[in-house]
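Below is one structure, written out as structure tokens; comments come after it.
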Amino acid sequence: QTVLEVGCAQSSWLPYFHRMYGCRLVGIDYSPTGCKMARQLLEEEGVPGEIHERDLFAGNTDLTGSADILFSNGFIEHFEDTVGTLGRMRELLKPEGLIITVIPNFTGWLGRIQERVNPDVYRIHIIMDLQDVIRVHRDAGFEAVEASYFGSIASEVAKYPEHASLRLRVLRKILKKITKTCWLLFRTTGWHPETQRFSPYILYAGRLAGSPEPS
């Protein structure tokens with residue numbers, strides 16, 4: 001099976017898909033630097049794969065209908081026309097293929113932290129909750145197989161300024177300690193809340209509307 005990741009710069013997911021499932025790997029990213037980093041990651045992991053410096057919105061006819069799994073992590077929420085973006089991504093998917101989309105959940109505690117520690121990063125995101133994510137995929141021609149809030153209490157997901165102030169550096173350390181304490185509690189109790197308030201991510205898996213069930 002072929003996994004195609006859209007926006008693959010710095011991604012550790014392509015090596016994961018190969019190691020765990022033996023997938024053929026393809027990635028596209030518009031950034032030359034991002035593509036270089038993606039290739040370096042594959043090389044470091046000793047994993048074969050194709051990385052293409054591509055604009056999703058330009059011609060990608062050689063990749064049309066090529067993906068068994070179309071994956072993106074932290075990509076679609078950067079586009080105001082989210083439905084249109086998903087529509088272009090849809091062209092890369094096989095008729096029976098599966099789309100997997102992950103975005104940061106900025107409608108809970110993570111969003112409040114991100115807005116305060118680095119508002120510039122916060123502003124380049126389209127803020128969506130779970131129902132919004134389901135809706136934009138539906139409007140782009142997908143139907144959900146599974147959709148949920150994903151993970152719990154992960155402060156390291158927040159992006160800090162490159163040259164953070166002392167106050168922000170201290171806050172970051174405090175939040176890391178809170179995260180570690182929470183995860184110790186989760187391991188001890190088995191309680192692992194995956195909710196709009198606590199989860200750092202939203203996960204969507206779907207297929208083309210009216211297509212066969214994915215295997």
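Residue numbering restarts at 1 for every chain of the structure tokens, chains are lettered A, B, ... in their displayed order, and ligands are numbered from 1 as they appear.
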Please, which residues in region 136-193 of chain A fall within 10 Å of region 78-90 of chain A when counting only C-alpha atoms, and what is the closest atom pair and distance in Å to one decimal for each, ordered by chain then residue number, as JSON lines?
```
{"residue": "A:Val136", "atom": "CA", "partner": "A:Val83", "partner_atom": "CA", "distance": 5.3}
{"residue": "A:His137", "atom": "CA", "partner": "A:Val83", "partner_atom": "CA", "distance": 6.8}
{"residue": "A:Arg138", "atom": "CA", "partner": "A:Val83", "partner_atom": "CA", "distance": 8.7}
{"residue": "A:Asp139", "atom": "CA", "partner": "A:Val83", "partner_atom": "CA", "distance": 6.4}
{"residue": "A:Ala140", "atom": "CA", "partner": "A:Gly87", "partner_atom": "CA", "distance": 5.2}
{"residue": "A:Gly141", "atom": "CA", "partner": "A:Gly87", "partner_atom": "CA", "distance": 7.5}
{"residue": "A:Phe142", "atom": "CA", "partner": "A:Arg90", "partner_atom": "CA", "distance": 8.5}
```
Can you list, as a PyMOL selection string, every residue of region 110-191 of chain A that DSSP puts in strand (DSSP E or B)? chain A and resi 142-150
Please tabulate, as a Markdown table, the residues of region 68-148 of chain A that come within 12 Å of region 155-162 of chain A, each with its closest pair of atoms and the distance in Å to one decimal, counting only C-alpha atoms and ordering rows by chain, then residue number upward.
```
| residue | atom | partner | partner_atom | distance |
| --- | --- | --- | --- | --- |
| A:Gly74 | CA | A:Val157 | CA | 11.0 |
| A:Ile103 | CA | A:Val157 | CA | 11.0 |
| A:Pro104 | CA | A:Val157 | CA | 8.1 |
| A:Asn105 | CA | A:Val157 | CA | 9.9 |
| A:Phe106 | CA | A:Ala158 | CA | 9.7 |
| A:Gly108 | CA | A:Ser155 | CA | 11.9 |
| A:Trp109 | CA | A:Ser155 | CA | 9.2 |
| A:Leu110 | CA | A:Ala158 | CA | 6.8 |
| A:Gly111 | CA | A:Ala158 | CA | 8.2 |
| A:Arg112 | CA | A:Ala158 | CA | 9.8 |
| A:Ile113 | CA | A:Ala158 | CA | 7.1 |
| A:Gln114 | CA | A:Ala158 | CA | 5.5 |
| A:Glu115 | CA | A:Ala158 | CA | 9.2 |
| A:Arg116 | CA | A:Tyr160 | CA | 9.6 |
| A:Val117 | CA | A:Tyr160 | CA | 6.0 |
| A:Asn118 | CA | A:Tyr160 | CA | 5.6 |
| A:Pro119 | CA | A:Tyr160 | CA | 9.4 |
| A:Asp120 | CA | A:Pro161 | CA | 9.0 |
| A:Val121 | CA | A:Lys159 | CA | 7.2 |
| A:Tyr122 | CA | A:Lys159 | CA | 8.9 |
```
Residues of region 96-137 of chain A that approach region 43-67 of chain A to 10 Å or less, counting only C-alpha atoms: could you list each one with the shortest pair of atoms and its distance in Å to one decimal, rows by chain and increasing residue number, as a tab-separated table?
```
residue	atom	partner	partner_atom	distance
A:Glu96	CA	A:Ala67	CA	9.5
A:Gly97	CA	A:Ala67	CA	6.7
A:Leu98	CA	A:Ala67	CA	8.3
A:Ile99	CA	A:Ala67	CA	9.1
```
Residue selection dump (N, CA and C atoms) as a compact mmCIF listing (two decimals), in the first residue's frame:
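Output (selection-v8.txt):
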```txt
# COMPACT_ATOMS: atom_id res chain seq x y z
N GLU A 96 -10.92 3.59 -3.47
CA GLU A 96 -11.19 2.82 -2.26
C GLU A 96 -10.26 3.22 -1.11
N GLY A 97 -9.52 4.32 -1.29
CA GLY A 97 -8.51 4.71 -0.31
C GLY A 97 -9.07 5.34 0.95
N LEU A 98 -8.17 5.58 1.89
CA LEU A 98 -8.52 6.13 3.20
C LEU A 98 -7.78 7.43 3.41
N ILE A 99 -8.48 8.46 3.87
CA ILE A 99 -7.84 9.72 4.25
C ILE A 99 -7.72 9.76 5.77
```
Ser11 (chain A) environment, 10 Å, only C-alpha atoms, sequence neighbours closer than 4 positions dropped, as number ranges by chain: A: 5, 7, 15-16, 27, 34-35, 37-39, 41-42, 72-73
Could you give me, as a PyMOL selection string, the residues within 12 Å of Lys176 (chain A), counting only C-alpha atoms and dropping anything in the same chain fewer than 2 positions from it? chain A and resi 153-158+169-174+178-183
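Residues surrounding Thr101 (chain A) within 6 Å are A:Phe71, A:Ser72, A:Leu203, A:Tyr204 [only C-alpha atoms; sequence separation below 6 positions excluded].
When only C-alpha atoms are used to compute distances to Leu92 (chain A), the closest of the residues A:Leu175, A:Val26, A:Met128, A:Ala205 turns out to be A:Val26.
Interatomic distance, CA of Trp13 (chain A) against CA of Ile124 (chain A): 22.8 Å.
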Please extract the residues of region 39-136 of chain A with a backbone DSSP assignment of helix (DSSP H, G or I) and present them as a ChimeraX atom specification. /A:39-45,61-63,76-78,82-90,109-117,119-123,130-136
Could those residues be written to a file, using C-alpha atoms, as an mmCIF file, in the first residue's frame?
```
data_model
loop_
_atom_site.group_PDB
_atom_site.id
_atom_site.type_symbol
_atom_site.label_atom_id
_atom_site.label_comp_id
_atom_site.auth_asym_id
_atom_site.auth_seq_id
_atom_site.Cartn_x
_atom_site.Cartn_y
_atom_site.Cartn_z
ATOM 1 C CA ARG A 39 14.626 13.120 2.911
ATOM 2 C CA GLN A 40 17.158 13.311 5.731
ATOM 3 C CA LEU A 41 14.692 11.702 8.136
ATOM 4 C CA LEU A 42 14.081 8.832 5.732
ATOM 5 C CA GLU A 43 17.822 8.388 5.248
ATOM 6 C CA GLU A 44 18.499 8.423 8.989
ATOM 7 C CA GLU A 45 15.818 5.785 9.502
ATOM 8 C CA THR A 61 -1.222 14.456 -12.494
ATOM 9 C CA ASP A 62 1.446 11.793 -11.945
ATOM 10 C CA LEU A 63 0.174 11.363 -8.377
ATOM 11 C CA ILE A 76 -5.446 21.645 6.358
ATOM 12 C CA GLU A 77 -6.025 24.123 9.211
ATOM 13 C CA HIS A 78 -3.650 26.606 7.571
ATOM 14 C CA THR A 82 -10.331 24.175 3.930
ATOM 15 C CA VAL A 83 -12.951 22.403 1.823
ATOM 16 C CA GLY A 84 -11.174 23.373 -1.384
ATOM 17 C CA THR A 85 -7.866 22.183 0.047
ATOM 18 C CA LEU A 86 -9.376 18.809 0.907
ATOM 19 C CA GLY A 87 -10.881 18.688 -2.562
ATOM 20 C CA ARG A 88 -7.428 18.980 -4.120
ATOM 21 C CA MET A 89 -6.108 16.345 -1.732
ATOM 22 C CA ARG A 90 -8.989 14.054 -2.694
ATOM 23 C CA TRP A 109 -6.625 24.151 26.782
ATOM 24 C CA LEU A 110 -3.919 23.850 24.103
ATOM 25 C CA GLY A 111 -5.411 26.709 22.118
ATOM 26 C CA ARG A 112 -5.466 28.984 25.148
ATOM 27 C CA ILE A 113 -1.821 28.193 25.850
ATOM 28 C CA GLN A 114 -0.775 28.673 22.225
ATOM 29 C CA GLU A 115 -2.575 31.995 21.934
ATOM 30 C CA ARG A 116 -0.703 33.315 24.954
ATOM 31 C CA VAL A 117 2.794 31.954 24.385
ATOM 32 C CA PRO A 119 -0.014 34.456 19.201
ATOM 33 C CA ASP A 120 1.607 34.659 15.754
ATOM 34 C CA VAL A 121 1.487 30.867 15.468
ATOM 35 C CA TYR A 122 -2.071 30.790 16.796
ATOM 36 C CA ARG A 123 -3.232 33.295 14.170
ATOM 37 C CA LEU A 130 -14.429 18.036 15.944
ATOM 38 C CA GLN A 131 -17.742 18.821 14.250
ATOM 39 C CA ASP A 132 -16.046 21.396 12.024
ATOM 40 C CA VAL A 133 -13.486 18.804 10.931
ATOM 41 C CA ILE A 134 -16.226 16.297 10.126
ATOM 42 C CA ARG A 135 -18.166 18.972 8.220
ATOM 43 C CA VAL A 136 -15.304 20.181 6.007
#
```
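Remark: for Gly210 (chain A), the closest of the candidate residues A:Leu185, A:Pro95, A:Leu166, A:Tyr21 is A:Pro95 (distances computed over only C-alpha atoms).
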